[in-house]
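Undergrad: Pasting structure_27.tsv here (TSV, C-alpha atoms):
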chain	number	residue	atom	x	y	z
A	1	MET	CA	192.84	314.10	0.03
A	2	GLU	CA	193.64	310.57	1.25
A	3	LYS	CA	189.99	310.04	2.29
A	4	THR	CA	188.64	310.59	-1.23
A	5	PRO	CA	189.28	307.02	-2.59
A	6	LEU	CA	187.69	305.56	0.55
A	7	ILE	CA	184.61	307.76	0.14
A	8	GLU	CA	184.32	306.82	-3.53
A	9	LEU	CA	184.69	303.14	-2.66
A	10	LEU	CA	181.94	303.41	-0.03
A	11	ALA	CA	179.67	305.26	-2.48
A	12	ILE	CA	180.18	302.62	-5.18
A	13	GLY	CA	179.58	299.86	-2.63
A	14	SER	CA	176.35	301.44	-1.44
A	15	ILE	CA	175.13	301.87	-5.05
A	16	VAL	CA	175.90	298.20	-5.79
A	17	LEU	CA	174.05	297.11	-2.62
A	18	ALA	CA	171.05	299.32	-3.49
A	19	LEU	CA	170.88	297.86	-7.04
A	20	THR	CA	171.14	294.32	-5.65
A	21	ALA	CA	168.34	295.03	-3.15
A	22	LEU	CA	166.18	296.52	-5.95
A	23	ALA	CA	166.77	293.48	-8.18
A	24	LEU	CA	165.90	291.15	-5.30
A	25	PHE	CA	162.71	293.13	-4.57
A	26	ILE	CA	161.61	292.99	-8.24
A	27	TYR	CA	162.34	289.25	-8.40
A	28	LEU	CA	160.31	288.52	-5.25
A	29	MET	CA	157.38	290.64	-6.43
A	30	ARG	CA	157.25	288.88	-9.80
A	31	ARG	CA	157.46	285.49	-8.15
A	32	GLN	CA	154.63	286.37	-5.74
A	33	ARG	CA	152.42	287.62	-8.60
A	34	ARG	CA	153.08	284.46	-10.60
A	35	GLN	CA	152.17	282.26	-7.62
A	36	ARG	CA	149.03	284.30	-6.97
A	37	SER	CA	147.87	284.09	-10.59
A	38	GLU	CA	148.54	280.33	-10.66
A	39	SER	CA	146.55	279.81	-7.45
A	40	ASP	CA	143.70	281.99	-8.78
A	41	ALA	CA	143.63	279.97	-12.01
A	42	THR	CA	143.58	276.71	-10.02
A	43	THR	CA	140.75	278.01	-7.83
A	44	GLN	CA	138.71	279.08	-10.87
A	45	GLU	CA	139.24	275.69	-12.53
A	46	ALA	CA	138.16	273.96	-9.32
A	47	ARG	CA	135.04	276.14	-9.10
A	48	ALA	CA	134.20	275.51	-12.75
A	49	SER	CA	134.57	271.74	-12.39
A	50	THR	CA	132.49	271.78	-9.19
A	51	ALA	CA	129.77	273.80	-10.91
A	52	GLU	CA	129.75	271.40	-13.85
A	53	ASN	CA	129.54	268.40	-11.52
A	54	THR	CA	126.89	269.83	-9.19
A	55	ALA	CA	124.68	271.61	-11.75
A	56	PRO	CA	124.45	269.64	-14.98
A	57	PRO	CA	122.18	271.03	-17.71
A	58	ALA	CA	118.52	270.02	-17.47
A	59	GLU	CA	118.64	268.23	-20.82
A	60	ASP	CA	121.58	266.00	-19.80
A	61	ALA	CA	120.13	265.14	-16.40
A	62	ALA	CA	116.53	264.57	-17.48
A	63	SER	CA	116.38	260.96	-16.30
A	64	ASP	CA	118.02	261.73	-12.94
A	65	ALA	CA	115.81	264.77	-12.39
A	66	SER	CA	112.58	262.87	-12.97
A	67	ALA	CA	113.66	260.20	-10.47
A	68	LYS	CA	114.63	262.79	-7.83
A	69	ARG	CA	111.50	264.88	-8.50
A	70	SER	CA	109.27	262.14	-7.15
A	71	SER	CA	111.07	262.07	-3.79
A	72	LYS	CA	112.33	265.54	-2.84
A	73	VAL	CA	112.03	268.69	-4.91
A	74	ALA	CA	113.22	272.17	-3.96
A	75	GLN	CA	110.71	273.79	-6.29
A	76	HIS	CA	108.07	272.66	-8.77
A	77	SER	CA	108.19	274.34	-12.16
A	78	LEU	CA	105.85	274.25	-15.14
A	79	PHE	CA	106.21	276.25	-18.35
A	80	VAL	CA	103.44	277.51	-20.63
A	81	ILE	CA	104.82	278.49	-24.04
A	82	PHE	CA	102.40	280.72	-25.94
A	83	SER	CA	101.51	279.61	-29.47
A	84	LYS	CA	101.11	283.18	-30.80
A	85	PRO	CA	102.73	285.74	-28.50
A	86	ASP	CA	101.64	289.31	-29.23
A	87	GLU	CA	100.12	292.40	-27.56
A	88	GLN	CA	96.73	290.70	-27.27
A	89	THR	CA	98.34	287.77	-25.42
A	90	ASP	CA	99.98	290.24	-23.02
A	91	GLN	CA	96.63	291.94	-22.38
A	92	GLN	CA	95.00	288.56	-21.71
A	93	LEU	CA	97.81	287.71	-19.31
A	94	ALA	CA	97.43	291.06	-17.52
A	95	GLU	CA	93.67	290.50	-17.11
A	96	TRP	CA	94.24	286.95	-15.88
A	97	LEU	CA	96.75	288.23	-13.29
A	98	ARG	CA	94.23	290.86	-12.11
A	99	GLU	CA	91.54	288.18	-11.74
A	100	LYS	CA	93.90	286.14	-9.56
A	101	ASP	CA	94.80	289.18	-7.39
A	102	ALA	CA	98.45	288.78	-8.40
A	103	THR	CA	100.99	291.16	-6.91
A	104	PHE	CA	104.12	292.38	-8.70
A	105	ASP	CA	107.52	292.13	-7.02
A	106	PRO	CA	109.54	295.07	-8.45
A	107	ILE	CA	112.83	293.70	-7.12
A	108	LYS	CA	112.63	290.17	-8.55
A	109	LYS	CA	110.36	291.30	-11.41
A	110	VAL	CA	107.90	288.43	-10.99
A	111	PHE	CA	104.24	288.10	-9.99
A	112	HIS	CA	102.95	286.24	-6.92
A	113	ILE	CA	99.55	284.62	-6.50
A	114	ALA	CA	98.66	283.95	-2.85
A	115	GLY	CA	96.41	280.94	-3.47
A	116	GLU	CA	95.61	278.90	-0.34
A	117	GLN	CA	98.91	279.61	1.41
A	118	PRO	CA	100.10	283.24	1.12
A	119	SER	CA	103.34	282.31	2.91
A	120	ASN	CA	104.18	280.05	-0.07
A	121	PRO	CA	102.78	281.87	-3.12
A	122	VAL	CA	102.76	280.63	-6.70
A	123	THR	CA	105.34	282.65	-8.64
A	124	ILE	CA	104.75	283.69	-12.25
A	125	ALA	CA	107.96	284.53	-14.13
A	126	ASN	CA	109.07	284.92	-17.72
A	127	ALA	CA	109.86	281.49	-19.18
A	128	PHE	CA	112.72	282.92	-21.22
A	129	PRO	CA	115.96	284.44	-19.92
A	130	PRO	CA	116.52	286.53	-17.94
A	131	GLY	CA	113.19	285.44	-16.43
A	132	GLU	CA	112.03	288.96	-15.61
A	133	MET	CA	108.45	290.12	-16.19
A	134	PRO	CA	107.33	293.65	-17.02
A	135	ASP	CA	104.72	295.13	-14.69
A	136	LEU	CA	101.71	294.21	-16.83
A	137	LEU	CA	99.31	295.66	-14.27
A	138	ARG	CA	100.79	299.11	-14.92
A	139	ASN	CA	101.05	298.71	-18.71
A	140	GLU	CA	104.85	298.74	-18.72
A	141	THR	CA	106.19	298.68	-22.30
A	142	HIS	CA	108.06	295.55	-23.36
A	143	GLU	CA	108.54	292.91	-26.03
A	144	PRO	CA	105.66	290.40	-26.26
A	145	ILE	CA	105.99	287.69	-23.63
A	146	LYS	CA	106.60	284.32	-25.33
A	147	GLY	CA	105.78	282.17	-22.34
A	148	ILE	CA	105.66	282.04	-18.57
A	149	SER	CA	106.91	279.73	-15.87
A	150	LEU	CA	104.88	278.82	-12.79
A	151	LEU	CA	106.96	278.07	-9.71
A	152	VAL	CA	106.04	276.89	-6.23
A	153	LYS	CA	107.79	275.20	-3.32
A	154	PRO	CA	106.34	271.83	-2.28
A	155	PRO	CA	104.85	271.54	1.22
A	156	LEU	CA	106.90	270.04	4.03
A	157	ARG	CA	104.00	267.70	4.86
A	158	LYS	CA	101.80	265.94	2.30
A	159	ARG	CA	98.58	266.84	4.10
A	160	ARG	CA	99.34	270.52	3.50
A	161	ASN	CA	99.24	270.25	-0.27
A	162	GLN	CA	96.28	272.59	-0.88
A	163	GLN	CA	98.63	275.00	-2.62
A	164	MET	CA	99.70	272.22	-5.01
A	165	HIS	CA	96.07	271.81	-6.10
A	166	VAL	CA	95.89	275.58	-6.71
A	167	TYR	CA	99.19	275.46	-8.58
A	168	VAL	CA	98.07	272.66	-10.93
A	169	ALA	CA	94.68	274.36	-11.50
A	170	LEU	CA	96.42	277.66	-12.41
A	171	ALA	CA	98.75	275.86	-14.83
A	172	LYS	CA	95.90	274.02	-16.56
A	173	GLU	CA	93.88	277.23	-16.77
A	174	MET	CA	96.79	279.06	-18.39
A	175	GLN	CA	97.33	276.26	-20.90
A	176	THR	CA	93.68	276.44	-21.93
A	177	LEU	CA	93.52	280.24	-21.98
A	178	PHE	CA	96.63	280.70	-24.13
A	179	THR	CA	96.38	277.48	-26.16
A	180	GLY	CA	100.03	276.98	-25.47
A	181	GLU	CA	102.34	274.08	-24.94
A	182	MET	CA	102.89	273.05	-21.33
A	183	LEU	CA	106.26	271.66	-20.28
A	184	ASP	CA	107.51	270.21	-17.02
A	185	GLY	CA	110.72	271.10	-15.17
A	186	ASP	CA	112.72	268.97	-17.61
A	187	ARG	CA	111.20	270.85	-20.58
A	188	LYS	CA	109.20	267.79	-21.59
A	189	PRO	CA	105.43	267.88	-22.27
A	190	ALA	CA	103.52	267.89	-18.97
A	191	THR	CA	101.07	265.00	-18.55
A	192	ASP	CA	98.47	263.89	-15.99
A	193	ALA	CA	101.27	261.91	-14.34
A	194	THR	CA	103.22	265.17	-13.95
A	195	PHE	CA	100.28	266.81	-12.18
A	196	GLU	CA	99.67	263.77	-9.95
A	197	ARG	CA	103.33	263.79	-8.94
A	198	ILE	CA	103.11	267.50	-8.04
A	199	ILE	CA	99.93	267.07	-6.00
A	200	GLY	CA	101.43	264.01	-4.31
Go through the file and emit its structure as structure tokens.
TA:
Amino acid sequence: MEKTPLIELLAIGSIVLALTALALFIYLMRRQRRQRSESDATTQEARASTAENTAPPAEDAASDASAKRSSKVAQHSLFVIFSKPDEQTDQQLAEWLREKDATFDPIKKVFHIAGEQPSNPVTIANAFPPGEMPDLLRNETHEPIKGISLLVKPPLRKRRNQQMHVYVALAKEMQTLFTGEMLDGDRKPATDATFERIIG
């Protein structure tokens, strides 16, 4: 009988300690989550600001891009925007790709033309987002293509620029065939100076 108050006291003490430990645990978990979310937000802001600084839109950096383009370019790009895109235009494009022995890449959804250097082919992609082409050689159904982009990597040495001649010839041929507007990498009208700069 005398031990009962002591047992009750111990039970109450253990309950109080358990509640205190639970409260402490909840507090630490909330604090950790808050710190994690703050650090994630800071990281995302840092990434966003880095992306904005390193990849400005083409329109804003037009003057810088044209200056850099003459020295070192990761990839040349020309755009042919069709004046009247329709099914007939798509058929013409399919026939033109067959004539050039173009191959379709089902993963990237683009066409490649070997040209003079098969290791560095000319890539034909959709000029409008998401940049994917239907397999025109297999009559894949799609919306009419409004324009295409021609892409190629420049040679490491100027004397190996045969592919650049092929690239420029293909672009001029497409412009004539589709009576479209040709734009350079900065989305400005391509001129003879543009082609000379590409050929080097």
Undergrad: Measuring atom to atom with all atoms listed in the file, identify which of A:Lys146, A:Arg187, A:Arg30, A:Arg138 is nearest to Glu87 in chain A.
TA: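 Using all atoms listed in the file, the shortest distance to Glu87 in chain A belongs to A:Lys146.
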Undergrad: Measuring atom to atom with all atoms listed in the file, identify which of A:Leu19, A:Ile199, A:Leu10, A:Ala102 is nearest to Tyr167 in chain A.
TA: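 Among the listed residues, A:Ile199 lies closest to Tyr167 in chain A.
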Undergrad: At what distance in Å, to one decimal, does CA of Trp96 in chain A lie from CA of Lys84 in chain A?
TA: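 If I compute the distance from CA of Lys84 in chain A to CA of Trp96 in chain A, I get 16.9 Å.
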Undergrad: Rank A:Arg36, A:Lys100, A:Lys172, A:Arg157 by their smallest atom-to-atom distance to Phe79 in chain A, using all atoms listed in the file, and report the top residue only.
TA: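 Going through A:Arg36, A:Lys100, A:Lys172, A:Arg157 one by one, the smallest distance to Phe79 in chain A is for A:Lys172.
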Undergrad: Nearest to Leu156 in chain A among A:Pro5, A:Gly200, A:Gly13, A:Pro85, with distances taken over all atoms listed in the file: which residue is it?
TA: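 Among A:Pro5, A:Gly200, A:Gly13, A:Pro85, it is A:Gly200 that comes nearest to Leu156 in chain A.
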Undergrad: So how many Å separate CA of Leu170 in chain A and CA of Val122 in chain A, to one decimal?
TA: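 CA of Val122 in chain A lies 9.0 Å from CA of Leu170 in chain A.
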Undergrad: CA of Lys153 in chain A and CA of Ser77 in chain A, how far apart in Å?
TA: 8.9 Å
Undergrad: Rebuild range 147-167 of chain A so that it carries N, CA, C and O atoms, then output the result as a PDB file, in the coordinates of the input.
TA:
ATOM      1  N   GLY A 147     106.231 283.252 -23.202  1.00  0.00           N
ATOM      2  CA  GLY A 147     105.780 282.170 -22.340  1.00  0.00           C
ATOM      3  C   GLY A 147     106.077 282.502 -20.891  1.00  0.00           C
ATOM      4  O   GLY A 147     106.865 283.406 -20.607  1.00  0.00           O
ATOM      5  N   ILE A 148     105.429 281.785 -19.997  1.00  0.00           N
ATOM      6  CA  ILE A 148     105.660 282.040 -18.570  1.00  0.00           C
ATOM      7  C   ILE A 148     105.990 280.727 -17.848  1.00  0.00           C
ATOM      8  O   ILE A 148     105.678 279.638 -18.322  1.00  0.00           O
ATOM      9  N   SER A 149     106.644 280.889 -16.718  1.00  0.00           N
ATOM     10  CA  SER A 149     106.910 279.730 -15.870  1.00  0.00           C
ATOM     11  C   SER A 149     106.153 279.910 -14.562  1.00  0.00           C
ATOM     12  O   SER A 149     106.053 281.023 -14.042  1.00  0.00           O
ATOM     13  N   LEU A 150     105.584 278.828 -14.069  1.00  0.00           N
ATOM     14  CA  LEU A 150     104.880 278.820 -12.790  1.00  0.00           C
ATOM     15  C   LEU A 150     105.740 278.044 -11.806  1.00  0.00           C
ATOM     16  O   LEU A 150     106.113 276.892 -12.075  1.00  0.00           O
ATOM     17  N   LEU A 151     106.059 278.680 -10.693  1.00  0.00           N
ATOM     18  CA  LEU A 151     106.960 278.070  -9.710  1.00  0.00           C
ATOM     19  C   LEU A 151     106.294 278.048  -8.337  1.00  0.00           C
ATOM     20  O   LEU A 151     105.603 279.001  -7.961  1.00  0.00           O
ATOM     21  N   VAL A 152     106.543 276.986  -7.597  1.00  0.00           N
ATOM     22  CA  VAL A 152     106.040 276.890  -6.230  1.00  0.00           C
ATOM     23  C   VAL A 152     106.888 275.890  -5.456  1.00  0.00           C
ATOM     24  O   VAL A 152     107.385 274.916  -6.028  1.00  0.00           O
ATOM     25  N   LYS A 153     107.052 276.143  -4.164  1.00  0.00           N
ATOM     26  CA  LYS A 153     107.790 275.200  -3.320  1.00  0.00           C
ATOM     27  C   LYS A 153     106.816 274.143  -2.809  1.00  0.00           C
ATOM     28  O   LYS A 153     105.691 274.469  -2.423  1.00  0.00           O
ATOM     29  N   PRO A 154     107.242 272.877  -2.789  1.00  0.00           N
ATOM     30  CA  PRO A 154     106.340 271.830  -2.280  1.00  0.00           C
ATOM     31  C   PRO A 154     106.170 271.951  -0.766  1.00  0.00           C
ATOM     32  O   PRO A 154     107.040 272.506  -0.087  1.00  0.00           O
ATOM     33  N   PRO A 155     105.061 271.452  -0.230  1.00  0.00           N
ATOM     34  CA  PRO A 155     104.850 271.540   1.220  1.00  0.00           C
ATOM     35  C   PRO A 155     105.789 270.590   1.963  1.00  0.00           C
ATOM     36  O   PRO A 155     106.252 269.592   1.403  1.00  0.00           O
ATOM     37  N   LEU A 156     106.050 270.917   3.220  1.00  0.00           N
ATOM     38  CA  LEU A 156     106.900 270.040   4.030  1.00  0.00           C
ATOM     39  C   LEU A 156     106.147 268.762   4.401  1.00  0.00           C
ATOM     40  O   LEU A 156     106.739 267.712   4.535  1.00  0.00           O
ATOM     41  N   ARG A 157     104.816 268.876   4.548  1.00  0.00           N
ATOM     42  CA  ARG A 157     104.000 267.700   4.860  1.00  0.00           C
ATOM     43  C   ARG A 157     102.962 267.494   3.768  1.00  0.00           C
ATOM     44  O   ARG A 157     102.363 268.451   3.295  1.00  0.00           O
ATOM     45  N   LYS A 158     102.718 266.253   3.396  1.00  0.00           N
ATOM     46  CA  LYS A 158     101.800 265.940   2.300  1.00  0.00           C
ATOM     47  C   LYS A 158     100.377 266.427   2.558  1.00  0.00           C
ATOM     48  O   LYS A 158      99.667 266.795   1.639  1.00  0.00           O
ATOM     49  N   ARG A 159      99.960 266.432   3.819  1.00  0.00           N
ATOM     50  CA  ARG A 159      98.580 266.840   4.100  1.00  0.00           C
ATOM     51  C   ARG A 159      98.368 268.324   3.893  1.00  0.00           C
ATOM     52  O   ARG A 159      97.244 268.805   3.878  1.00  0.00           O
ATOM     53  N   ARG A 160      99.459 269.079   3.747  1.00  0.00           N
ATOM     54  CA  ARG A 160      99.340 270.520   3.500  1.00  0.00           C
ATOM     55  C   ARG A 160      99.557 270.852   2.027  1.00  0.00           C
ATOM     56  O   ARG A 160     100.248 271.798   1.687  1.00  0.00           O
ATOM     57  N   ASN A 161      98.994 270.056   1.169  1.00  0.00           N
ATOM     58  CA  ASN A 161      99.240 270.250  -0.270  1.00  0.00           C
ATOM     59  C   ASN A 161      98.127 271.008  -0.982  1.00  0.00           C
ATOM     60  O   ASN A 161      97.976 270.897  -2.188  1.00  0.00           O
ATOM     61  N   GLN A 162      97.347 271.814  -0.229  1.00  0.00           N
ATOM     62  CA  GLN A 162      96.280 272.590  -0.880  1.00  0.00           C
ATOM     63  C   GLN A 162      96.850 273.507  -1.946  1.00  0.00           C
ATOM     64  O   GLN A 162      96.242 273.690  -3.005  1.00  0.00           O
ATOM     65  N   GLN A 163      98.032 274.070  -1.666  1.00  0.00           N
ATOM     66  CA  GLN A 163      98.630 275.000  -2.620  1.00  0.00           C
ATOM     67  C   GLN A 163      99.042 274.272  -3.904  1.00  0.00           C
ATOM     68  O   GLN A 163      99.050 274.872  -4.981  1.00  0.00           O
ATOM     69  N   MET A 164      99.341 272.979  -3.814  1.00  0.00           N
ATOM     70  CA  MET A 164      99.700 272.220  -5.010  1.00  0.00           C
ATOM     71  C   MET A 164      98.500 272.051  -5.922  1.00  0.00           C
ATOM     72  O   MET A 164      98.622 272.087  -7.148  1.00  0.00           O
ATOM     73  N   HIS A 165      97.319 271.896  -5.315  1.00  0.00           N
ATOM     74  CA  HIS A 165      96.070 271.810  -6.100  1.00  0.00           C
ATOM     75  C   HIS A 165      95.829 273.136  -6.822  1.00  0.00           C
ATOM     76  O   HIS A 165      95.462 273.154  -8.000  1.00  0.00           O
ATOM     77  N   VAL A 166      96.050 274.249  -6.112  1.00  0.00           N
ATOM     78  CA  VAL A 166      95.890 275.580  -6.710  1.00  0.00           C
ATOM     79  C   VAL A 166      96.883 275.758  -7.847  1.00  0.00           C
ATOM     80  O   VAL A 166      96.531 276.235  -8.936  1.00  0.00           O
ATOM     81  N   TYR A 167      98.111 275.330  -7.598  1.00  0.00           N
ATOM     82  CA  TYR A 167      99.190 275.460  -8.580  1.00  0.00           C
ATOM     83  C   TYR A 167      98.847 274.721  -9.885  1.00  0.00           C
ATOM     84  O   TYR A 167      98.951 275.277 -10.982  1.00  0.00           O
TER      85      TYR A 167
END
